[in-house]
Every structure is written in structure tokens, then in C-alpha cells.
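Just structure_3.txt here, compact mmCIF, C-alpha atoms:
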# COMPACT_ATOMS: atom_id res chain seq x y z
CA MET A 1 -20.74 14.25 6.40
CA LYS A 2 -18.38 11.66 4.98
CA THR A 3 -14.77 11.75 6.12
CA VAL A 4 -13.35 12.30 2.62
CA THR A 5 -15.68 15.26 2.05
CA PHE A 6 -14.88 16.75 5.45
CA LEU A 7 -11.12 16.47 4.92
CA GLY A 8 -11.43 17.81 1.37
CA LEU A 9 -13.20 20.94 2.64
CA GLY A 10 -10.09 21.61 4.70
CA GLY A 11 -7.76 21.05 1.74
CA VAL A 12 -6.56 17.64 2.98
CA SER A 13 -5.97 15.10 0.20
CA ALA A 14 -3.45 12.82 1.92
CA VAL A 15 -3.08 11.36 5.41
CA MET A 16 0.13 9.69 6.59
CA THR A 17 0.08 7.70 9.79
CA GLY A 18 2.39 5.26 11.50
CA HIS A 19 2.09 2.30 13.80
CA GLN A 20 4.38 -0.36 15.15
CA PRO A 21 4.19 -3.07 13.87
CA ALA A 22 2.28 -2.53 10.65
CA SER A 23 3.96 -4.87 8.16
CA ASP A 24 7.08 -4.48 6.04
CA VAL A 25 5.22 -2.60 3.27
CA PRO A 26 2.93 0.34 4.12
CA LEU A 27 -0.80 -0.02 3.64
CA VAL A 28 -2.03 2.45 1.01
CA ILE A 29 -5.70 3.27 0.61
CA ASN A 30 -6.14 5.19 -2.63
CA GLN A 31 -9.54 6.52 -3.54
CA PRO A 32 -10.82 9.62 -5.32
CA GLY A 33 -10.17 12.62 -3.10
CA LEU A 34 -8.04 10.93 -0.45
CA ARG A 35 -4.87 8.86 -0.14
CA VAL A 36 -4.02 7.22 3.19
CA VAL A 37 -0.62 5.69 3.97
CA CYS A 38 -0.11 3.66 7.16
CA GLY A 39 3.51 2.61 7.59
CA ASP A 40 5.49 0.85 10.26
CA THR A 41 7.45 3.28 12.40
CA SER A 42 10.10 0.79 13.48
CA TYR A 43 13.32 -0.53 11.94
CA CYS A 44 14.52 -4.07 12.34
CA ASP A 45 18.20 -4.91 12.55
CA GLY A 46 17.71 -8.40 11.17
CA LYS A 47 17.47 -10.20 14.49
CA GLY A 48 13.67 -10.13 14.75
CA GLY A 49 10.85 -11.42 12.59
CA ARG A 50 10.88 -8.28 10.44
CA GLY A 51 14.24 -9.13 8.88
CA GLN A 52 15.83 -6.15 7.17
CA ALA A 53 12.54 -4.28 6.70
CA VAL A 54 12.73 -0.50 6.49
CA THR A 55 10.45 2.07 4.86
CA GLU A 56 10.66 5.72 3.90
CA VAL A 57 7.54 7.71 2.97
CA LEU A 58 8.15 11.04 1.22
CA HIS A 59 5.41 13.60 0.63
CA SER A 60 5.97 16.49 -1.76
CA GLY A 61 4.13 19.55 -0.52
CA GLU A 62 4.46 21.20 -3.94
CA ASP A 63 2.73 18.65 -6.16
CA GLY A 64 1.15 16.41 -3.51
CA ASP A 65 2.84 13.24 -4.74
CA ILE A 66 3.80 10.51 -2.28
CA ARG A 67 6.85 8.32 -2.88
CA ILE A 68 7.34 5.15 -0.84
CA HIS A 69 10.48 3.07 -0.95
CA GLY A 70 12.21 0.53 1.22
CA THR A 71 13.11 -3.09 1.74
CA MET A 72 10.79 -5.94 2.66
CA ALA A 73 11.72 -8.38 5.45
CA ASP A 74 12.95 -10.88 2.83
CA GLY A 75 15.31 -8.30 1.26
CA GLN A 76 13.24 -7.40 -1.81
CA ALA A 77 13.31 -3.68 -2.61
CA TYR A 78 10.21 -1.65 -3.44
CA ASP A 79 9.86 1.85 -4.83
CA PHE A 80 6.65 3.46 -6.08
CA GLU A 81 4.65 6.67 -6.17
CA VAL A 82 1.07 7.25 -5.14
CA GLU A 83 0.09 10.22 -7.28
CA GLU A 84 -2.93 12.36 -6.50
CA ASP A 85 -4.47 11.77 -9.91
CA GLY A 86 -2.32 8.80 -10.87
CA PRO A 87 -3.04 5.15 -11.51
CA ARG A 88 -5.29 3.49 -8.99
CA ALA A 89 -3.60 0.06 -9.03
CA ILE A 90 -1.81 0.74 -5.73
CA GLY A 91 -4.04 0.99 -2.71
CA ARG A 92 -6.91 -1.01 -4.17
CA ARG A 93 -8.92 -3.67 -2.40
CA LEU A 94 -9.18 -6.79 -4.49
CA GLY A 95 -11.41 -9.80 -3.90
CA ASP A 96 -11.21 -12.06 -0.86
CA GLY A 97 -9.45 -9.52 1.36
CA TRP A 98 -6.40 -8.88 -0.85
CA TRP A 99 -4.96 -5.33 -1.11
CA THR A 100 -2.38 -4.00 -3.56
CA ARG A 101 0.30 -2.69 -1.22
CA GLY A 102 3.02 -1.41 -3.54
CA MET A 103 5.38 -2.20 -6.36
CA LEU A 104 8.70 -3.99 -6.41
CA LYS A 105 11.56 -2.45 -8.35
CA ASP A 106 11.06 -5.13 -11.03
CA GLY A 107 7.50 -3.85 -11.72
CA ARG A 108 5.51 -6.59 -9.98
CA TYR A 109 2.86 -5.47 -7.53
CA ILE A 110 2.92 -6.54 -3.88
CA VAL A 111 -0.49 -7.93 -2.93
CA ARG A 112 -1.25 -8.92 0.64
CA ARG A 113 -4.07 -9.99 2.92
CA THR A 114 -4.25 -10.70 6.63
CA LYS A 115 -6.17 -13.28 8.62
CA ASP A 116 -6.66 -14.21 12.24
CA ARG A 117 -7.10 -10.60 13.36
CA PHE A 118 -3.90 -9.60 11.53
CA PHE A 119 -1.69 -12.30 13.08
CA THR A 120 -1.28 -14.16 9.77
CA SER A 121 -0.48 -12.51 6.47
CA GLU A 122 -0.17 -13.84 2.96
CA THR A 123 1.74 -12.15 0.16
CA LYS A 124 1.67 -12.69 -3.57
CA PHE A 125 3.03 -10.76 -6.53
CA MET A 126 0.92 -9.81 -9.53
CA SER A 127 1.37 -8.00 -12.83
CA LEU A 128 -0.64 -4.88 -13.65
CA ASP A 129 -2.66 -6.90 -16.19
CA GLU A 130 -3.61 -9.42 -13.48
CA ILE A 131 -4.64 -6.64 -11.07
CA GLU A 132 -6.72 -4.86 -13.71
CA ALA A 133 -8.46 -8.13 -14.59
CA GLU A 134 -9.23 -8.70 -10.91
CA ILE A 135 -10.64 -5.16 -10.57
CA ARG A 136 -12.81 -5.64 -13.66
CA SER A 137 -14.18 -8.95 -12.35
CA GLU A 138 -15.01 -7.33 -8.99
CA GLU A 139 -16.83 -4.44 -10.69
CA ARG A 140 -19.21 -6.82 -12.50

What would you get if you wrote out this structure as C-alpha cells?
Amino acid sequence: MKTVTFLGLGGVSAVMTGHQPASDVPLVINQPGLRVVCGDTSYCDGKGGRGQAVTEVLHSGEDGDIRIHGTMADGQAYDFEVEEDGPRAIGRRLGDGWWTRGMLKDGRYIVRRTKDRFFTSETKFMSLDEIEAEIRSEER
């Protein structure tokens, strides 16, 4: 039995987990029937490599929505929702190892990939149109 089916039989549609370190923006995996959020459980005071990174993940038991907001290591603020039946732009795997991680307050999407067994990460920012075009090209 697939994991998503098994969890769904138990009424589970979202899994939140933490790890230290796990990046300055939580990893979201968003697929039909299951949303997974893996966030960093630490806070940096600005003296380490994580800068001023901090994250808060809020889960509404009533409607099942997940809101994630915080500050990246470079000081940029992000704030977005991962709705149960909402847009699938966040939490999508794009080509060449890139994942949409979240959305900045200015509406650009945070897109990141890791290399070297997660020791090196690259970040870029994309518009929704760019992400949708990437998804369409991958589906061909």
C-alpha cells in the first residue's frame, strides 16, 4: 500500500516534521492527498551561517490549511499558505533538482536545489508564470 493511501485511510492529509539544520525556508512537498512540511527547528541569532533565519509553521485544525512565514538568512521575509485543495505551485519539483519552496512577500517564488549531499544549495526567485511554464515543459 502506498504511503499516501495508508495515511489517507487514517484521515491524515498533512505531515509536519522538523530537523536541524534544514535550510532557512521549509521544504514543502505538495501532492494530491498529502502535504508534507519539513522545517528547521532552530533559530539563529545572526552570529552563525543561518543569519537571521526563523520560521513559524501554523496548521489550522478546522480547515486544514497550513500557513508558513518567517525570515530567510539574508533578511528577506516570506509568507504563504499551503492549502489542501489550493494551488500546486508551492511544493513542486521542477527540472534539474529544483523545488519551489515558498513565496516571498513580494509575490516571487523561492526555488532551491541542493548538491553535494545537501552541503551546497542554490536559490533563485521565479514568477508564477515561469514556474507554470517549467511545469508544463516537464509534463511533455

Excluding same-chain residues fewer than 5 positions from range 54-69 of chain A, what lies within 6 Å of it counting only C-alpha atoms, as number ranges by chain? A: 43, 78-83

Place a sphere of radius 6 Å on (8.2, -6.6, 5.7) in the file coordinates and name every protein, DNA or RNA residue with an atom inside or on its surface, counting all atoms listed in the file; give the answer as an mmCIF file with C-alpha atoms, in the coordinates of the input.
data_model
loop_
_atom_site.group_PDB
_atom_site.id
_atom_site.type_symbol
_atom_site.label_atom_id
_atom_site.label_comp_id
_atom_site.auth_asym_id
_atom_site.auth_seq_id
_atom_site.Cartn_x
_atom_site.Cartn_y
_atom_site.Cartn_z
ATOM 1 C CA SER A 23 3.960 -4.870 8.160
ATOM 2 C CA ASP A 24 7.080 -4.480 6.040
ATOM 3 C CA VAL A 25 5.220 -2.600 3.270
ATOM 4 C CA ARG A 50 10.880 -8.280 10.440
ATOM 5 C CA ALA A 53 12.540 -4.280 6.700
ATOM 6 C CA MET A 72 10.790 -5.940 2.660
ATOM 7 C CA ALA A 73 11.720 -8.380 5.450
#

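The spacing separating CA of Lys105 in chain A from CA of Ile135 in chain A amounts to 22.5 Å.
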
CA of Arg112 in chain A to CA of Leu27 in chain A, distance in Å rounded to a single decimal: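 Separation of CA of Arg112 in chain A and CA of Leu27 in chain A: 9.4 Å.
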
Nearest candidate to Ser121 in chain A (options A:Gly11, A:Ile90, A:Trp98, A:Asp40; using all atoms listed in the file):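 Among the listed residues, A:Trp98 lies closest to Ser121 in chain A.
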
Provide the CA of Gly91 in chain A to CA of Phe6 in chain A distance in Å, to one decimal place.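 Going from CA of Gly91 in chain A over to CA of Phe6 in chain A covers 20.8 Å.
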
My list of candidates is A:Asp96, A:Glu134, A:Asp129, A:Asp74. Which is closest to Lys115 in chain A when distances are computed with only C-alpha atoms? A:Asp96

Surrounding residues of Met126 in chain A excluding itself and chain neighbours under 3 positions, 12 Å, only C-alpha atoms, as an mmCIF file with C-alpha atoms, keeping the file's coordinate frame:
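Result file result.cif:
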data_model
loop_
_atom_site.group_PDB
_atom_site.id
_atom_site.type_symbol
_atom_site.label_atom_id
_atom_site.label_comp_id
_atom_site.auth_asym_id
_atom_site.auth_seq_id
_atom_site.Cartn_x
_atom_site.Cartn_y
_atom_site.Cartn_z
ATOM 1 C CA ALA A 89 -3.600 0.060 -9.030
ATOM 2 C CA ILE A 90 -1.810 0.740 -5.730
ATOM 3 C CA LEU A 94 -9.180 -6.790 -4.490
ATOM 4 C CA TRP A 98 -6.400 -8.880 -0.850
ATOM 5 C CA TRP A 99 -4.960 -5.330 -1.110
ATOM 6 C CA THR A 100 -2.380 -4.000 -3.560
ATOM 7 C CA ARG A 101 0.300 -2.690 -1.220
ATOM 8 C CA GLY A 102 3.020 -1.410 -3.540
ATOM 9 C CA MET A 103 5.380 -2.200 -6.360
ATOM 10 C CA LEU A 104 8.700 -3.990 -6.410
ATOM 11 C CA ASP A 106 11.060 -5.130 -11.030
ATOM 12 C CA GLY A 107 7.500 -3.850 -11.720
ATOM 13 C CA ARG A 108 5.510 -6.590 -9.980
ATOM 14 C CA TYR A 109 2.860 -5.470 -7.530
ATOM 15 C CA ILE A 110 2.920 -6.540 -3.880
ATOM 16 C CA VAL A 111 -0.490 -7.930 -2.930
ATOM 17 C CA ARG A 112 -1.250 -8.920 0.640
ATOM 18 C CA THR A 123 1.740 -12.150 0.160
ATOM 19 C CA ASP A 129 -2.660 -6.900 -16.190
ATOM 20 C CA GLU A 130 -3.610 -9.420 -13.480
ATOM 21 C CA ILE A 131 -4.640 -6.640 -11.070
ATOM 22 C CA GLU A 132 -6.720 -4.860 -13.710
ATOM 23 C CA ALA A 133 -8.460 -8.130 -14.590
ATOM 24 C CA GLU A 134 -9.230 -8.700 -10.910
#

Set the distance at 8 Å and use all atoms listed in the file: which residues neighbour Gly97 in chain A once local chain neighbours fewer than 4 positions away are removed? I'd like the list as an MDAnalysis selection string. chainID A and resid 93 113:114

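Using all atoms listed in the file, the smallest distance between any of A:Leu9, A:Lys124, A:Arg117, A:Arg92 and Asn30 in chain A comes from A:Arg92.
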
Can you tell me which residues surround Val15 in chain A at a distance of at most 8 Å, considering all atoms listed in the file, apart from same-chain residues fewer than 2 positions away, and format the answer as a ChimeraX atom specification? /A:12-13,17,34-37

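Counting all atoms listed in the file, the residue from A:Ile29, A:Gly95, A:Thr3, A:Glu122 that sits nearest to Glu138 in chain A is A:Gly95.
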